[in-house]
file query32.txt (compact mmCIF, C-alpha atoms)
# COMPACT_ATOMS: atom_id res chain seq x y z
CA MET A 399 1.85 21.30 12.24
CA ALA A 400 4.32 24.20 11.84
CA GLY A 401 5.20 23.85 15.52
CA ILE A 402 6.59 20.33 15.09
CA ARG A 403 9.28 21.22 12.52
CA ASP A 404 12.41 19.33 13.63
CA ALA A 405 11.16 19.43 17.23
CA THR A 406 11.04 15.64 17.50
CA ALA A 407 12.97 12.71 16.10
CA ILE A 408 12.58 9.01 15.47
CA VAL A 409 15.32 7.40 17.55
CA GLY A 410 14.41 3.73 17.52
CA ILE A 411 12.94 1.24 15.06
CA GLY A 412 12.12 -2.43 15.40
CA GLN A 413 10.45 -5.21 13.49
CA THR A 414 9.69 -8.89 13.58
CA ARG A 415 10.36 -11.35 10.82
CA PHE A 416 8.06 -11.03 7.79
CA ALA A 417 6.40 -14.12 6.34
CA LYS A 418 3.23 -15.42 4.74
CA ARG A 419 2.48 -17.16 8.02
CA LEU A 420 3.90 -16.64 11.51
CA ASP A 421 2.83 -18.77 14.48
CA GLU A 422 2.75 -15.97 17.07
CA ASP A 423 -0.41 -13.92 17.60
CA GLU A 424 -0.64 -10.23 16.77
CA ARG A 425 -0.16 -9.05 20.36
CA THR A 426 3.03 -11.06 20.76
CA LEU A 427 4.34 -9.72 17.45
CA ALA A 428 3.49 -6.17 18.54
CA CYS A 429 5.36 -6.62 21.82
CA ARG A 430 8.42 -7.97 20.05
CA ALA A 431 8.54 -5.07 17.59
CA VAL A 432 8.05 -2.44 20.31
CA LEU A 433 10.72 -3.93 22.55
CA ALA A 434 13.12 -4.09 19.61
CA ALA A 435 12.48 -0.42 18.82
CA LEU A 436 13.03 0.64 22.44
CA ASP A 437 16.21 -1.41 22.61
CA ASP A 438 17.37 0.23 19.37
CA ALA A 439 16.82 3.64 20.97
CA GLY A 440 18.36 2.71 24.32
CA ILE A 441 15.16 3.66 26.17
CA ALA A 442 13.50 1.61 28.93
CA PRO A 443 9.84 0.60 28.49
CA GLY A 444 8.90 2.36 31.73
CA GLU A 445 9.76 5.73 30.14
CA VAL A 446 7.10 5.43 27.42
CA ASP A 447 4.16 7.77 28.05
CA ALA A 448 2.56 8.05 24.59
CA LEU A 449 1.20 5.57 22.05
CA ALA A 450 -0.21 5.82 18.54
CA SER A 451 -1.52 3.10 16.27
CA PHE A 452 -4.21 2.28 13.70
CA THR A 453 -7.94 1.86 14.32
CA MET A 454 -7.51 -1.50 12.59
CA GLU A 455 -4.90 -2.55 15.17
CA GLU A 456 -6.13 -5.58 17.13
CA THR A 457 -3.73 -5.04 20.05
CA ASP A 458 -5.04 -2.22 22.23
CA GLU A 459 -3.08 0.19 24.42
CA VAL A 460 -4.00 -1.52 27.69
CA GLU A 461 -2.77 -4.92 26.51
CA LEU A 462 0.46 -3.54 25.11
CA ALA A 463 1.19 -1.33 28.13
CA LYS A 464 0.81 -4.20 30.58
CA ALA A 465 2.71 -6.72 28.49
CA VAL A 466 5.70 -4.48 27.74
CA GLY A 467 5.77 -2.60 31.05
CA PHE A 468 5.07 1.02 30.16
CA GLY A 469 4.72 3.76 32.75
CA ASP A 470 1.73 6.10 33.05
CA LEU A 471 0.40 7.04 29.62
CA THR A 472 -0.55 10.68 29.08
CA PHE A 473 -1.33 10.49 25.36
CA PHE A 474 -2.72 7.78 23.09
CA SER A 475 -4.43 7.92 19.71
CA LYS A 476 -5.57 5.73 16.85
CA VAL A 477 -5.75 6.73 13.19
CA GLY A 478 -8.31 5.40 10.74
CA TYR A 479 -8.42 4.39 7.09
CA GLY A 480 -6.00 1.49 7.08
CA GLY A 481 -2.78 2.28 5.26
CA GLY A 482 -3.72 5.96 5.15
CA GLY A 483 -2.90 6.20 8.84
CA SER A 484 0.70 5.01 8.89
CA CYS A 485 2.51 8.35 8.79
CA ALA A 486 -0.18 9.99 10.92
CA THR A 487 0.74 7.78 13.87
CA VAL A 488 4.18 9.39 13.94
CA ALA A 489 2.67 12.83 13.32
CA HIS A 490 0.35 12.47 16.31
CA LEU A 491 3.24 11.50 18.56
CA ALA A 492 5.35 14.38 17.24
CA ALA A 493 2.55 16.85 17.97
CA ALA A 494 1.97 15.45 21.46
CA ILE A 495 5.66 15.59 22.35
CA ALA A 496 6.25 19.02 20.80
CA SER A 497 3.28 20.40 22.78
CA GLY A 498 4.45 18.90 26.08
CA GLN A 499 1.76 16.26 26.50
CA ALA A 500 4.30 13.43 26.48
CA SER A 501 8.03 12.78 26.26
CA VAL A 502 8.55 9.28 24.79
CA GLY A 503 6.16 7.94 22.18
CA VAL A 504 5.80 4.58 20.45
CA ALA A 505 3.91 3.97 17.20
CA TRP A 506 3.37 0.45 15.95
CA ARG A 507 1.50 -1.84 13.56
CA SER A 508 1.03 -5.57 13.96
CA ARG A 509 -1.01 -7.70 11.60
CA LYS A 510 -1.52 -11.25 10.44
CA ARG A 511 -2.83 -10.50 6.97
CA GLY A 512 -0.94 -13.34 5.34
CA SER A 513 -2.59 -15.98 7.51
CA GLY A 514 -5.68 -14.02 8.59
CA PRO A 515 -9.01 -13.04 7.03
CA ARG A 516 -9.56 -10.28 4.47
CA PRO A 517 -11.74 -7.40 5.75
CA TRP A 518 -14.03 -7.44 2.72
CA THR A 519 -14.96 -11.12 3.19
CA ASN A 520 -17.23 -10.36 6.16
CA THR A 521 -20.60 -10.30 4.42
CA THR A 522 -22.58 -10.47 7.68
CA VAL A 523 -21.96 -6.79 8.40
CA GLN A 524 -24.33 -4.32 6.74
CA LEU A 525 -22.58 -2.36 4.02
CA PRO A 526 -21.51 1.15 5.05
CA THR A 527 -22.96 3.86 2.82
CA PRO A 528 -19.92 4.29 0.52
CA ALA A 529 -19.71 0.55 -0.13
CA GLN A 530 -23.33 0.49 -1.29
CA TRP A 531 -22.16 2.36 -4.37
CA THR A 532 -19.37 -0.09 -5.20
CA ARG A 533 -19.65 -3.63 -3.86
CA PRO A 534 -23.04 -4.58 -5.30
CA PHE A 535 -21.57 -3.77 -8.72
CA GLY A 536 -18.55 -6.03 -8.37
CA LEU A 537 -15.96 -3.79 -6.70
CA LEU A 538 -15.47 -6.16 -3.80
CA ARG A 539 -11.79 -5.58 -3.01
CA PRO A 540 -9.44 -2.60 -2.92
CA ALA A 541 -7.76 -4.12 -6.00
CA ASP A 542 -11.00 -3.78 -7.95
CA GLU A 543 -11.46 -0.15 -6.96
CA ILE A 544 -7.86 0.87 -7.72
CA ALA A 545 -8.10 -1.02 -11.01
CA MET A 546 -10.85 1.40 -12.05
CA LEU A 547 -8.66 4.41 -11.25
CA THR A 548 -5.73 2.79 -13.06
CA ARG A 549 -7.79 2.19 -16.20
CA ARG A 550 -8.96 5.80 -16.18
CA TYR A 551 -5.39 7.00 -15.68
CA MET A 552 -4.22 4.92 -18.64
CA HIS A 553 -7.08 6.20 -20.79
CA GLU A 554 -6.64 9.88 -19.97
CA TYR A 555 -2.85 10.15 -19.88
CA GLY A 556 -1.45 7.27 -21.88
CA ALA A 557 0.14 5.39 -19.01
CA THR A 558 0.97 1.80 -19.90
CA ARG A 559 1.66 -1.54 -18.29
CA ASP A 560 5.33 -0.90 -18.95
CA HIS A 561 5.12 2.04 -16.56
CA LEU A 562 3.53 -0.17 -13.91
CA PHE A 563 6.23 -2.76 -14.53
CA ASN A 564 8.88 -0.08 -13.89
CA VAL A 565 7.35 0.42 -10.44
CA ALA A 566 7.10 -3.28 -9.64
CA LEU A 567 10.66 -3.89 -10.87
CA ALA A 568 12.19 -1.09 -8.81
CA CYS A 569 10.54 -2.43 -5.66
CA ARG A 570 11.57 -6.01 -6.43
CA ASN A 571 15.16 -4.99 -7.20
CA ARG A 572 15.45 -3.34 -3.79
CA ALA A 573 13.86 -6.34 -2.08
CA ASN A 574 16.49 -8.53 -3.77
CA GLN A 575 19.07 -6.54 -1.78
CA ASN A 576 17.17 -6.84 1.52
CA PRO A 577 17.52 -10.15 3.40
CA ALA A 578 14.46 -9.28 5.53
CA ALA A 579 12.20 -8.95 2.47
CA VAL A 580 9.75 -11.69 1.62
CA MET A 581 10.92 -11.46 -2.02
CA TYR A 582 14.62 -11.29 -1.19
CA ASP A 583 15.61 -14.28 -3.33
CA ARG A 584 12.97 -13.95 -6.07
CA PRO A 585 13.97 -11.69 -9.01
CA LEU A 586 11.32 -10.28 -11.34
CA THR A 587 11.58 -10.10 -15.13
CA ARG A 588 9.47 -8.28 -17.69
CA GLU A 589 8.30 -11.59 -19.14
CA MET A 590 7.18 -12.79 -15.70
CA TYR A 591 5.28 -9.57 -15.20
CA MET A 592 3.59 -9.45 -18.61
CA THR A 593 2.47 -13.10 -18.52
CA SER A 594 1.28 -13.19 -14.91
CA ARG A 595 -2.39 -13.68 -14.06
CA TRP A 596 -4.80 -10.81 -13.67
CA ILE A 597 -5.96 -9.89 -10.19
CA SER A 598 -8.25 -7.12 -11.41
CA GLU A 599 -7.47 -5.95 -14.93
CA PRO A 600 -5.34 -3.90 -15.65
CA LEU A 601 -3.63 -4.92 -12.38
CA CYS A 602 -1.76 -8.21 -12.58
CA LEU A 603 -0.28 -10.33 -9.81
CA PHE A 604 2.87 -8.19 -9.50
CA ASP A 605 0.90 -4.93 -9.29
CA ASN A 606 -0.55 -6.04 -5.97
CA CYS A 607 1.06 -5.93 -2.55
CA LEU A 608 2.04 -8.99 -0.57
CA GLU A 609 -0.07 -10.60 2.15
CA THR A 610 2.18 -10.58 5.18
CA ASP A 611 2.34 -11.47 8.86
CA GLY A 612 4.60 -9.21 10.90
CA ALA A 613 4.94 -6.15 13.12
CA LEU A 614 6.96 -2.94 13.22
CA ALA A 615 7.41 -0.06 15.65
CA CYS A 616 9.26 3.21 16.08
CA VAL A 617 10.14 5.47 19.02
CA VAL A 618 9.70 9.25 18.92
CA VAL A 619 11.23 11.72 21.42
CA GLY A 620 11.90 15.43 21.65
CA ARG A 621 14.87 17.05 19.94
CA GLU A 622 16.94 17.47 23.10
CA ARG A 623 16.38 13.90 24.26
CA ALA A 624 17.20 12.60 20.79
CA ARG A 625 20.79 13.80 21.05
CA ASP A 626 21.41 11.41 23.94
CA CYS A 627 19.87 8.31 22.38
CA ALA A 628 21.82 5.35 21.07
CA ARG A 629 21.12 5.98 17.37
CA ARG A 630 21.47 8.91 15.01
CA PRO A 631 18.25 10.97 15.24
CA VAL A 632 15.97 11.23 12.22
CA TYR A 633 13.97 14.42 12.61
CA VAL A 634 10.29 14.82 11.79
CA HIS A 635 10.57 17.93 9.65
CA SER A 636 6.98 18.17 8.41
CA ALA A 637 3.83 16.08 8.65
CA ALA A 638 0.36 16.21 7.16
CA GLN A 639 -2.93 14.41 6.81
CA GLY A 640 -5.25 14.78 3.83
CA LEU A 641 -8.97 14.22 3.30
CA PRO A 642 -10.19 16.10 0.19
CA ALA A 643 -13.67 17.58 -0.14
CA GLN A 644 -16.32 15.14 -1.34
CA HIS A 645 -13.90 12.21 -1.07
CA HIS A 646 -15.22 8.69 -1.67
CA GLY A 647 -12.76 6.01 -0.58
CA MET A 648 -10.62 4.44 -3.29
CA VAL A 649 -12.79 5.34 -6.27
CA ASN A 650 -13.19 9.11 -5.62
CA TYR A 651 -16.62 9.04 -7.26
CA TRP A 652 -17.70 12.53 -6.19
CA ASN A 653 -14.46 14.43 -6.80
CA ASP A 654 -14.28 16.78 -9.78
CA ASP A 655 -11.21 14.78 -10.83
CA PRO A 656 -11.01 11.25 -9.37
CA LEU A 657 -7.29 11.12 -10.20
CA THR A 658 -6.45 13.96 -7.80
CA GLY A 659 -6.80 11.97 -4.60
CA PRO A 660 -5.92 12.60 -0.96
CA ALA A 661 -2.19 12.92 -1.77
CA TRP A 662 -2.87 16.31 -3.34
CA THR A 663 -4.52 17.61 -0.18
CA ALA A 664 -1.83 16.22 2.13
CA ALA A 665 0.97 17.51 -0.10
CA ARG A 666 -0.19 21.13 -0.01
CA HIS A 667 -0.04 21.13 3.78
CA LEU A 668 3.18 19.10 3.94
CA TRP A 669 5.21 21.43 1.70
CA LYS A 670 3.70 24.58 3.22
CA HIS A 671 5.41 23.77 6.52
CA ALA A 672 8.71 22.51 5.06
CA ASP A 673 12.02 24.24 4.44
CA PHE A 674 12.64 22.22 1.29
CA ALA A 675 10.72 21.23 -1.84
CA PRO A 676 10.16 18.05 -3.90
CA GLU A 677 13.35 18.64 -5.90
CA ASP A 678 15.32 18.50 -2.63
CA VAL A 679 14.11 15.02 -1.65
CA ASP A 680 16.90 12.44 -1.90
CA VAL A 681 14.81 9.29 -1.51
CA ALA A 682 11.11 8.47 -1.17
CA GLN A 683 9.13 5.67 0.43
CA ILE A 684 5.80 5.84 -1.41
CA TYR A 685 2.84 3.74 -0.38
CA ASP A 686 2.51 0.88 -2.84
CA ALA A 687 -0.38 -1.39 -2.00
CA PHE A 688 -0.77 -1.27 -5.79
CA SER A 689 1.83 -0.23 -8.36
CA ALA A 690 -0.45 2.43 -9.86
CA LEU A 691 -0.44 4.38 -6.61
CA ILE A 692 3.17 5.41 -7.15
CA PRO A 693 2.64 7.37 -10.40
CA LEU A 694 -0.45 8.98 -8.87
CA SER A 695 1.53 9.91 -5.76
CA LEU A 696 4.48 11.25 -7.76
CA GLU A 697 2.04 13.73 -9.27
CA GLY A 698 0.22 14.49 -6.02
CA TYR A 699 3.41 15.27 -4.10
CA GLY A 700 4.79 17.47 -6.86
CA PHE A 701 7.59 15.42 -8.41
CA CYS A 702 6.04 15.80 -11.86
CA GLY A 703 3.05 17.38 -13.58
CA ARG A 704 -0.46 16.03 -14.09
CA GLY A 705 -0.44 12.92 -16.22
CA GLU A 706 3.37 12.63 -16.10
CA GLY A 707 3.63 10.01 -13.35
CA GLY A 708 3.86 7.12 -15.81
CA SER A 709 6.57 8.67 -17.94
CA PHE A 710 8.45 9.72 -14.78
CA THR A 711 9.17 6.02 -14.13
CA GLU A 712 11.08 5.58 -17.40
CA GLY A 713 14.83 5.23 -17.75
CA GLY A 714 15.41 3.74 -14.30
CA ALA A 715 14.15 6.87 -12.55
CA LEU A 716 12.94 4.91 -9.51
CA GLU A 717 16.12 2.86 -9.13
CA ILE A 718 19.20 3.69 -7.04
CA GLY A 719 20.98 6.42 -8.96
CA GLY A 720 17.77 7.50 -10.71
CA ARG A 721 15.80 10.73 -10.43
CA LEU A 722 14.01 9.55 -7.28
CA PRO A 723 14.89 6.18 -5.72
CA VAL A 724 11.76 4.73 -4.14
CA ASN A 725 10.87 2.00 -1.66
CA THR A 726 14.44 1.02 -1.05
CA GLY A 727 13.54 -1.88 1.24
CA GLY A 728 11.15 -3.35 -1.33
CA GLY A 729 7.95 -1.66 -0.15
CA GLY A 730 4.58 -3.33 0.14
CA LEU A 731 5.00 -4.93 -3.26
CA SER A 732 8.13 -6.90 -2.41
CA GLU A 733 9.32 -6.48 1.19
CA ALA A 734 6.16 -6.84 3.26
CA TYR A 735 2.69 -5.35 3.45
CA VAL A 736 2.09 -4.14 6.99
CA HIS A 737 -0.10 -1.14 6.14
CA GLY A 738 2.93 0.86 5.05
CA PHE A 739 4.74 0.99 8.38
CA ASN A 740 7.84 -0.58 6.82
CA LEU A 741 8.10 2.53 4.63
CA ILE A 742 8.61 4.61 7.79
CA THR A 743 11.30 2.34 9.17
CA GLU A 744 13.04 2.17 5.79
CA GLY A 745 13.05 5.96 5.64
CA VAL A 746 14.81 5.99 9.00
CA LYS A 747 17.36 3.46 7.80
CA GLN A 748 18.13 5.58 4.74
CA LEU A 749 18.78 8.67 6.83
CA ARG A 750 20.89 6.69 9.29
CA GLY A 751 22.91 5.33 6.38
CA THR A 752 22.07 1.71 7.22
CA SER A 753 19.72 0.65 4.41
CA THR A 754 20.49 -2.49 2.44
CA ALA A 755 20.07 -0.33 -0.69
CA GLN A 756 21.59 2.88 0.58
CA VAL A 757 21.21 6.11 -1.42
CA PRO A 758 24.61 7.82 -1.09
CA GLY A 759 24.44 10.92 1.08
CA ALA A 760 20.68 10.73 1.65
CA ALA A 761 19.63 13.56 3.97
CA THR A 762 15.92 14.01 3.16
CA CYS A 763 13.17 11.43 2.73
CA LEU A 764 9.48 11.61 1.90
CA VAL A 765 7.29 8.86 3.37
CA THR A 766 3.67 8.57 2.26
CA ALA A 767 0.66 6.63 3.47
CA GLY A 768 -2.10 5.11 1.39
CA GLU A 769 -3.28 7.03 -1.64
CA GLY A 770 -6.95 6.52 -2.48
CA VAL A 771 -8.01 6.80 1.16
CA PRO A 772 -7.71 9.63 3.72
CA THR A 773 -3.95 9.76 3.96
CA SER A 774 -0.88 11.15 5.70
CA ALA A 775 2.77 11.88 4.94
CA LEU A 776 6.08 12.70 6.60
CA LEU A 777 9.16 14.61 5.59
CA LEU A 778 12.16 13.23 7.44
CA THR A 779 15.68 14.62 7.62
CA ASN A 780 18.96 13.87 9.38
CA ARG A 781 20.06 17.48 9.29
CA SER A 782 20.20 18.94 12.78

call {"tool": "encode", "arguments": {"input": "query32.txt", "output": "structure tokens"}}
result
Amino acid sequence: MAGIRDATAIVGIGQTRFAKRLDEDERTLACRAVLAALDDAGIAPGEVDALASFTMEETDEVELAKAVGFGDLTFFSKVGYGGGGSCATVAHLAAAIASGQASVGVAWRSRKRGSGPRPWTNTTVQLPTPAQWTRPFGLLRPADEIAMLTRRYMHEYGATRDHLFNVALACRNRANQNPAAVMYDRPLTREMYMTSRWISEPLCLFDNCLETDGALACVVVGRERARDCARRPVYVHSAAQGLPAQHHGMVNYWNDDPLTGPAWTAARHLWKHADFAPEDVDVAQIYDAFSALIPLSLEGYGFCGRGEGGSFTEGGALEIGGRLPVNTGGGGLSEAYVHGFNLITEGVKQLRGTSTAQVPGAATCLVTAGEGVPTSALLLTNRS
């Protein structure tokens, strides 16, 4: 990925409304988000020649291309592992454009998770091999699997529910500033958090992401083209994917240390190809399907040492003005859960200077995809 450093930029972002239930189908939502992103960039649909999305995306390239009116496509890819693929969609487009396979790329995610079925409820499908080691023993949902990692993290390093509350509160505080967030008008207090119902102990209601209908998209072009677009370019400085040896989704059963997940693998590659380090990051959008993933990711991406992710959250460190403001749109916990794609668009907003919870002078942003599964990450910058 060294060849993509600042060679491409995100020049357009778009999204639909977020809600527990939207009437439109996923394809219609996808089309609306893509058209909004192209309009934001000032680029006509007929100029798009590259697409990237998730393997879990229900709207395929053919449907989207016909509905929106794309030209000939010369590159298209899909990335697996749910939320682990979010940043990789942009990375794939950046690589394709930097290598000359395409010139205008669109990445998107559209889902109706709030009003649709949960993947793990389909009991008619034979269990894949990894699930045979978890689901028959009660680990039916991602929340159950991450709860195991969280309990181990608490046991080994002394992390507490107060540390998880710090994460949930920071995300909710930012959502309270964001009119587009599902939790915009719903403040969170410590008492509410500590007395809420368990989802999978030690994860309570507010440690779990929202269930959301909605769609988002972004437009990626080459560096030269970016200068002529309607919006300030946000450059893809570095990108990485990470699948550690002997990985076992969510629970990391076979790893020497289950608490050093895919973030550690992605981070080594990400920083190797970057001109700046963790201490130079102004703001971070860290995947937060569950609150515990943020302390684990803080360690994996090098913002603190092993076992220090919980204590890192103390003293307002994750708030605006803190050591590392995170998830400034509200994240998956409080803005919307669309497999982490809103973290990408929020990163762009921060570096444009248009976020509803703007970090003053933000010039660098880390965006991460799902920790606990094969993952991906981006380093974004507005420095040309």

call {"tool": "residues_around", "arguments": {"input": "query32.txt", "residues": "Ala494 (chain A)", "least_positions_apart": "2", "cutoff": "12 Å", "atoms": "all atoms listed in the file", "output": "MDAnalysis selection string"}}
result
chainID A and resid 399 401:402 405:406 447:450 471:475 487:492 496:504 618:620

call {"tool": "closest_residue", "arguments": {"input": "query32.txt", "among": "A:Cys602, A:Ile495, A:Leu537, A:Ala775", "to": "Glu622 (chain A)", "atoms": "only C-alpha atoms"}}
result
A:Ile495

call {"tool": "residues_around", "arguments": {"input": "query32.txt", "residues": "Ala734 (chain A)", "least_positions_apart": "4", "cutoff": "12 Å", "atoms": "all atoms listed in the file", "output": "ChimeraX atom specification"}}
result
/A:413-419,508-512,569-570,573,576-582,606-614,685-687,725,727-730,738-741,744

call {"tool": "residues_around", "arguments": {"input": "query32.txt", "residues": "Met546 (chain A)", "least_positions_apart": "2", "cutoff": "9 Å", "atoms": "only C-alpha atoms", "output": "MDAnalysis selection string"}}
result
chainID A and resid 541:544 548:551 598:600 649

call {"tool": "atom_distance", "arguments": {"input": "query32.txt", "atom1": "CA of Glu455 (chain A)", "atom2": "CA of Glu424 (chain A)"}}
result
8.9 Å

call {"tool": "closest_residue", "arguments": {"input": "query32.txt", "among": "A:Arg588, A:Leu603, A:Ile597, A:Thr766", "to": "Leu668 (chain A)", "atoms": "only C-alpha atoms"}}
result
A:Thr766

call {"tool": "closest_residue", "arguments": {"input": "query32.txt", "among": "A:Glu706, A:Glu422, A:Glu712, A:Glu589", "to": "Asn564 (chain A)", "atoms": "all atoms listed in the file"}}
result
A:Glu712

call {"tool": "atom_distance", "arguments": {"input": "query32.txt", "atom1": "CA of Asn780 (chain A)", "atom2": "CA of Val746 (chain A)"}}
result
8.9 Å

call {"tool": "residues_around", "arguments": {"input": "query32.txt", "residues": "Ala761 (chain A)", "least_positions_apart": "3", "cutoff": "7 Å", "atoms": "all atoms listed in the file", "output": "PyMOL selection string"}}
result
chain A and resi 680+749+779-781

call {"tool": "atom_distance", "arguments": {"input": "query32.txt", "atom1": "CA of Arg430 (chain A)", "atom2": "CA of Ala465 (chain A)"}}
result
10.3 Å

call {"tool": "residues_around", "arguments": {"input": "query32.txt", "residues": "His645 (chain A)", "least_positions_apart": "3", "cutoff": "10 Å", "atoms": "all atoms listed in the file", "output": "list in words"}}
result
Leu641, Pro642, Met648, Val649, Asn650, Tyr651, Trp652, Asn653, Asp654, Pro656, Gly659, Pro660, Gly770, Val771 and Pro772 of chain A

call {"tool": "closest_residue", "arguments": {"input": "query32.txt", "among": "A:Ala529, A:Val460, A:Leu567, A:Cys485", "to": "Leu764 (chain A)", "atoms": "only C-alpha atoms"}}
result
A:Cys485

call {"tool": "residues_near_point", "arguments": {"input": "query32.txt", "point": "(6.0, -3.4, 20.0)", "cutoff": "10 Å", "atoms": "all atoms listed in the file", "output": "JSON, numbers by chain"}}
result
{"A": [411, 412, 413, 414, 425, 426, 427, 428, 429, 430, 431, 432, 433, 434, 435, 436, 457, 462, 463, 465, 466, 504, 505, 506, 507, 508, 613, 614, 615, 616, 617]}

call {"tool": "closest_residue", "arguments": {"input": "query32.txt", "among": "A:Ala637, A:Cys763, A:Leu778, A:Leu525", "to": "Ala682 (chain A)", "atoms": "only C-alpha atoms"}}
result
A:Cys763
